[in-house]
Each structure stands twice: as C-alpha cells, then as structure tokens.
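K.L.:
I'd like to ask you about the structure that follows.
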Amino acid sequence: TTLKCFPEDSRLLMKKFIYTLAFLLLVLLTKGQNSYTISSIPYNPDPFTVGTSANVAVDDMYGGVVPPPFSFCFLDSSYNQIVIGSNGIVTFDTSVANSYCPWPIGSPVPNNTMTNKSIMAPIQDLNPGVGGTIKYDVQGVAPYRRFIISYFEVPMFSCTTMLFSEQIILYETSNLIETHIMDKPLCGTWNAGAAVHGIQVDALTGYVVPGRNYPTQWVATGDGYRFLPVGNCVGPMPSDSVKGKVFVDYNNNCVQDPNEYPIYNRAILANGGQFY
C-alpha cells in the first residue's frame, strides 16, 4: 500500500471515499455473518443408549467440558469444546462448566437469563438425579461424523412419572444442527410447563422453532428439526466426493417419490470394497 498526500480541496472527496469504503466493508461483513433457517425433518435419531455418560445426573447442573472429535462452527466461530446441561441444553460457553444450569424460564428466548451460545432441544426442567441417562457419542466417518447428545427417559421435575427422550446432533463439515425428540411430555403444574426449543446466540439473537417459545405449552413425539447455517459456517464439499441423492426408498423402485425423504450426512459404503 502506498500512502499519498492530498491537496486541501481533495480532502472532502477522500473523506467520502473512506466513508463509502467503510460502508461497503460493513455490508460485506454483515452478509458474511451467519444466521439459521429452521425446518421440520423426519424423525431419524441415532441410538439413544450408547456412548459415554455426560456425568450430569444432578438437578439443574452443567457437567464438565466435553471435547468433540472435530471443530464445529456455531454462528461465526469454531469450537472444539462443549458443555452439557441437565435441562436439555448444551452450550459452547465453557465458563459455565460444573455450575448451576439456570431455572426457571420467565421470558421468551432470546433473553438475558438464558445461557448464551446454547442449543435448547428443548430446555425444560428435568431431574436426571431421579433417573434416566444423558450420554454423548460419535458416529460416522470423517469428514462427516456426528456428535450426538442423548437424553433418554429423563424424568420431568415435579412430574417424575413423565419421561423425556431426545437427541441433539452436530454434523462435522456441514455444521448442521439437528434435534430429534422421541417424547416430550407437558408438566403443566411446574413453571407453567415452560419449554423452549431453539438456539440462543446472545441476549438479542435467537432462533426458535415456531410455537415453541415461552410461554406456549406444547408436546411432541417422533419429532425432528434442522437448524441450517446460512453464511460462513456452511461447510465445503470435499473435492474427492461423489455427488448424488440419498433418500428413503420405501417401495424399492430406485426413484425418489414425493413421500420419500432425503437422508443427510450419512456415511455411504460403496459396493465391492471398503470405500466410504
């Protein structure tokens, strides 16, 4: 870069140029920032009862720091550590490890009481100290592995005969987030049945499944949702990949019919050898 001196009568023009350049940079940076689109998908979880215990069998607590085997891009930053909470929430904010998982819910997400950089699938008052399991696991083959957090038959707080089961799945490379709810009951006698299903980036930015924010009461069974990143976090397609469509072929006619849904980010074994 060469610095040049401008005569007095050219300073105004130079100032306009700087303002214009600054505006263009702001626009470009804004376009580069991530957001998420939310879509309903078929219920397609991984096994719930395999993996490593998250060691959060206590009411209203975050566990320790867990290192997934791959970096995951959330909004505009990459993370290789995550913290799992007892109330159906995971966060990339490692400062909350081994601390209180806030309760109750008193306002819609986003808000200034919810943990930031978090995925809620949904967050609701659970009590794993009474029963159930919370585990994490890794499935798939690099660079398309899946980091899976499973809540299985965890009792609802104050309604301990109601059991909650769901999964949060983080996808390597594509940075997709999926949630798969096996069963989400409603404990309407505690915190008015509050449950929020979505993402909170910070107190001002959140992405919530329609109809699943505070104070709406809701239930779900066999339910899937995808949070698709839009922006810098969208992963590139490897150069040595095979492109095509993978879908559930219910009638085995090798044609994707309207009711046959696509299957995303699953390892495909080629016939005739161990090629993925």
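Following the order of the structure tokens, first chain is A, next is B, and so on, with residues numbered from 1 inside each chain and ligands from 1 in the order they appear.
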Give me, as a ChimeraX atom specification, all polymer residues having an atom no more than 12 Å from Trp190 in chain A, counting only C-alpha atoms and skipping those fewer than 6 positions away in the same chain.
P.N.:
/A:103-105,124-126,156-160,217
K.L.:
Export, as a PDB file, in the first residue's frame, the selected residues with C-alpha atoms.
P.N.:
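result_3.pdb, written as the output of this step:
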ATOM      1  CA  TRP A 103     -34.067 -22.226  36.143  1.00  0.00           C
ATOM      2  CA  PRO A 104     -36.920 -21.202  35.860  1.00  0.00           C
ATOM      3  CA  ILE A 105     -37.810 -19.799  32.438  1.00  0.00           C
ATOM      4  CA  GLN A 124     -37.181 -27.554  30.298  1.00  0.00           C
ATOM      5  CA  ASP A 125     -36.958 -28.528  33.955  1.00  0.00           C
ATOM      6  CA  LEU A 126     -35.674 -32.100  34.120  1.00  0.00           C
ATOM      7  CA  MET A 156     -39.554 -34.189  34.368  1.00  0.00           C
ATOM      8  CA  PHE A 157     -39.047 -32.183  37.558  1.00  0.00           C
ATOM      9  CA  SER A 158     -42.179 -32.277  39.751  1.00  0.00           C
ATOM     10  CA  CYS A 159     -43.736 -34.791  37.317  1.00  0.00           C
ATOM     11  CA  THR A 160     -41.272 -37.649  37.727  1.00  0.00           C
ATOM     12  CA  GLN A 217     -47.291 -25.037  26.273  1.00  0.00           C
TER      13      GLN A 217
END
K.L.:
Tell me, as an MDAnalysis selection string, which residues lie within 12 Å of Pro258 in chain A, counting only C-alpha atoms; anything in the same chain fewer than 5 positions away does not count.
P.N.:
chainID A and resid 247:251
K.L.:
Contacts of range 203-215 of chain A at 10 Å or less, counting only C-alpha atoms, minus same-chain residues fewer than 3 places along, as number ranges by chain?
P.N.:
A: 35-40, 105-122, 191-200, 218-219, 225-227
K.L.:
One decimal, Å: what's the distance from CA of Asp137 in chain A over to CA of Val56 in chain A, could you say?
P.N.:
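Atom-to-atom, CA of Asp137 in chain A to CA of Val56 in chain A, that is 15.1 Å.
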K.L.:
Please run DSSP on the backbone and report, as a PDB file with N, CA and C atoms, in the first residue's frame, all residues within range 28-191 of chain A that come out as helix (DSSP H, G or I).
P.N.:
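Below is the file selection.pdb, written as the result:
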ATOM      1  N   LEU A  28     -20.368  -6.102   3.523  1.00  0.00           N
ATOM      2  CA  LEU A  28     -19.776  -7.400   3.255  1.00  0.00           C
ATOM      3  C   LEU A  28     -19.686  -8.238   4.510  1.00  0.00           C
ATOM      4  N   LEU A  29     -19.269  -7.611   5.622  1.00  0.00           N
ATOM      5  CA  LEU A  29     -19.161  -8.329   6.879  1.00  0.00           C
ATOM      6  C   LEU A  29     -20.529  -8.784   7.363  1.00  0.00           C
ATOM      7  N   THR A  30     -21.516  -7.929   7.170  1.00  0.00           N
ATOM      8  CA  THR A  30     -22.861  -8.294   7.588  1.00  0.00           C
ATOM      9  C   THR A  30     -23.369  -9.485   6.792  1.00  0.00           C
ATOM     10  N   LYS A  31     -23.111  -9.470   5.471  1.00  0.00           N
ATOM     11  CA  LYS A  31     -23.538 -10.590   4.649  1.00  0.00           C
ATOM     12  C   LYS A  31     -22.808 -11.869   5.030  1.00  0.00           C
ATOM     13  N   GLY A  32     -21.544 -11.739   5.509  1.00  0.00           N
ATOM     14  CA  GLY A  32     -20.769 -12.912   5.863  1.00  0.00           C
ATOM     15  C   GLY A  32     -21.188 -13.525   7.178  1.00  0.00           C
ATOM     16  N   THR A  94     -17.855 -22.479  27.745  1.00  0.00           N
ATOM     17  CA  THR A  94     -17.254 -23.398  28.709  1.00  0.00           C
ATOM     18  C   THR A  94     -17.115 -22.787  30.099  1.00  0.00           C
ATOM     19  N   SER A  95     -17.382 -21.486  30.245  1.00  0.00           N
ATOM     20  CA  SER A  95     -17.266 -20.856  31.557  1.00  0.00           C
ATOM     21  C   SER A  95     -18.327 -21.367  32.533  1.00  0.00           C
ATOM     22  N   VAL A  96     -19.383 -22.005  32.015  1.00  0.00           N
ATOM     23  CA  VAL A  96     -20.460 -22.488  32.885  1.00  0.00           C
ATOM     24  C   VAL A  96     -20.250 -23.934  33.315  1.00  0.00           C
ATOM     25  N   ASN A 191     -43.644 -24.433  36.700  1.00  0.00           N
ATOM     26  CA  ASN A 191     -43.192 -23.361  35.811  1.00  0.00           C
ATOM     27  C   ASN A 191     -44.108 -23.241  34.589  1.00  0.00           C
TER      28      ASN A 191
END
K.L.:
Given only C-alpha atoms as the basis, pick out the residue of A:Asn34, A:Ser71, A:Ser165, A:Ser99 nearest to Phe152 in chain A.
P.N.:
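Answer, going by the shortest atom-to-atom distance: A:Ser165.
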K.L.:
Leaving out Ile263 in chain A and any residue of its chain fewer than 3 positions from it, which residues lie within 10 Å of it when counting only C-alpha atoms, given as an MDAnalysis selection string?
P.N.:
chainID A and resid 41:42 44 245:248 260 266
K.L.:
Write a file of the selected residues as an mmCIF file, in the first residue's frame, keeping C-alpha atoms.
P.N.:
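Writing done, so here's part.cif:
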data_model
loop_
_atom_site.group_PDB
_atom_site.id
_atom_site.type_symbol
_atom_site.label_atom_id
_atom_site.label_comp_id
_atom_site.auth_asym_id
_atom_site.auth_seq_id
_atom_site.Cartn_x
_atom_site.Cartn_y
_atom_site.Cartn_z
ATOM 1 C CA ILE A 41 -37.460 -33.040 9.113
ATOM 2 C CA PRO A 42 -38.335 -36.729 9.530
ATOM 3 C CA ASN A 44 -34.342 -40.117 12.440
ATOM 4 C CA LYS A 245 -29.101 -38.136 -3.766
ATOM 5 C CA VAL A 246 -29.587 -40.352 -0.754
ATOM 6 C CA PHE A 247 -33.173 -40.958 0.272
ATOM 7 C CA VAL A 248 -35.505 -43.476 1.901
ATOM 8 C CA GLU A 260 -39.593 -40.392 0.275
ATOM 9 C CA ARG A 266 -24.685 -40.260 6.464
#
K.L.:
Could you write out, as a ChimeraX atom specification, all the residues of range 129-224 of chain A that DSSP marks as strand (DSSP E or B)?
P.N.:
/A:133-139,146-156,159-171,177-184,196-202,205-208,220-224
K.L.:
Mind giving me the straight-line distance from CA of Gly222 in chain A to CA of Phe70 in chain A in Å, one decimal?
P.N.:
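The value is 28.2 Å.
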K.L.:
Please provide as a ChimeraX atom specification all residues within 8 Å of Lys184 in chain A, with the sequence filter that same-chain residues fewer than 4 positions apart are discarded (counting only C-alpha atoms).
P.N.:
/A:163-166,219-221
K.L.:
With C-alpha atoms retained, export the selected residues as an mmCIF file, in the first residue's frame.
P.N.:
data_model
loop_
_atom_site.group_PDB
_atom_site.id
_atom_site.type_symbol
_atom_site.label_atom_id
_atom_site.label_comp_id
_atom_site.auth_asym_id
_atom_site.auth_seq_id
_atom_site.Cartn_x
_atom_site.Cartn_y
_atom_site.Cartn_z
ATOM 1 C CA LEU A 163 -40.116 -39.255 30.920
ATOM 2 C CA PHE A 164 -38.310 -37.130 28.321
ATOM 3 C CA SER A 165 -36.138 -38.502 25.480
ATOM 4 C CA GLU A 166 -34.417 -36.511 22.738
ATOM 5 C CA VAL A 219 -45.874 -31.568 23.483
ATOM 6 C CA ALA A 220 -44.019 -33.579 20.817
ATOM 7 C CA THR A 221 -43.491 -37.215 19.840
#
K.L.:
Would you pick out the contacts of Phe74 in chain A at 9 Å or less, using only C-alpha atoms, so that residues sharing its chain but fewer than 6 positions from it are not included, and give the list as an mmCIF file with N, CA and C atoms, in the first residue's frame?
P.N.:
data_model
loop_
_atom_site.group_PDB
_atom_site.id
_atom_site.type_symbol
_atom_site.label_atom_id
_atom_site.label_comp_id
_atom_site.auth_asym_id
_atom_site.auth_seq_id
_atom_site.Cartn_x
_atom_site.Cartn_y
_atom_site.Cartn_z
ATOM 1 N N ASN A 34 -23.355 -15.317 10.064
ATOM 2 C CA ASN A 34 -24.267 -16.443 9.951
ATOM 3 C C ASN A 34 -25.627 -16.157 10.554
ATOM 4 N N PHE A 92 -21.689 -23.842 24.034
ATOM 5 C CA PHE A 92 -20.284 -23.714 23.695
ATOM 6 C C PHE A 92 -19.573 -22.755 24.655
ATOM 7 N N LYS A 117 -24.751 -18.848 23.532
ATOM 8 C CA LYS A 117 -24.095 -19.845 22.683
ATOM 9 C C LYS A 117 -24.652 -21.238 22.971
ATOM 10 N N ASN A 175 -21.807 -28.448 9.529
ATOM 11 C CA ASN A 175 -22.182 -27.642 10.701
ATOM 12 C C ASN A 175 -23.689 -27.546 10.906
ATOM 13 N N VAL A 201 -28.002 -17.251 20.712
ATOM 14 C CA VAL A 201 -26.635 -16.800 20.479
ATOM 15 C C VAL A 201 -26.219 -15.856 21.600
ATOM 16 N N PRO A 229 -27.188 -23.616 8.924
ATOM 17 C CA PRO A 229 -26.441 -22.358 8.935
ATOM 18 C C PRO A 229 -26.467 -21.672 7.575
ATOM 19 N N CYS A 233 -20.413 -20.494 8.014
ATOM 20 C CA CYS A 233 -20.329 -21.825 8.615
ATOM 21 C C CYS A 233 -20.754 -22.950 7.680
#
K.L.:
To one decimal in Å, tell me the separation between CA of Gly244 in chain A and CA of Ser150 in chain A.
P.N.:
29.8 Å
K.L.:
Nearest to Asn127 in chain A among A:Pro155, A:Pro69, A:Pro45, A:Pro143, with distances taken over only C-alpha atoms: which residue is it?
P.N.:
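Using only C-alpha atoms, Asn127 in chain A sits closest to A:Pro155.
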K.L.:
Of the candidates A:Asn80, A:Ile149, A:Asp93, A:Phe72, which shows the shortest atom-to-atom distance to Thr52 in chain A, using only C-alpha atoms?
P.N.:
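Once distances to Thr52 in chain A are computed over only C-alpha atoms, the minimum belongs to A:Ile149.
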K.L.:
Using only C-alpha atoms, find the one residue out of A:Ile82, A:Met182, A:Val130, A:Leu176 that sits nearest to Asp46 in chain A.
P.N.:
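The answer is A:Met182, which sits nearest to Asp46 in chain A.
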K.L.:
Which residue, A:Ile181, A:Val154, A:Ala97, A:Ile268, has the smallest gap to Thr133 in chain A when you use only C-alpha atoms?
P.N.:
A:Val154
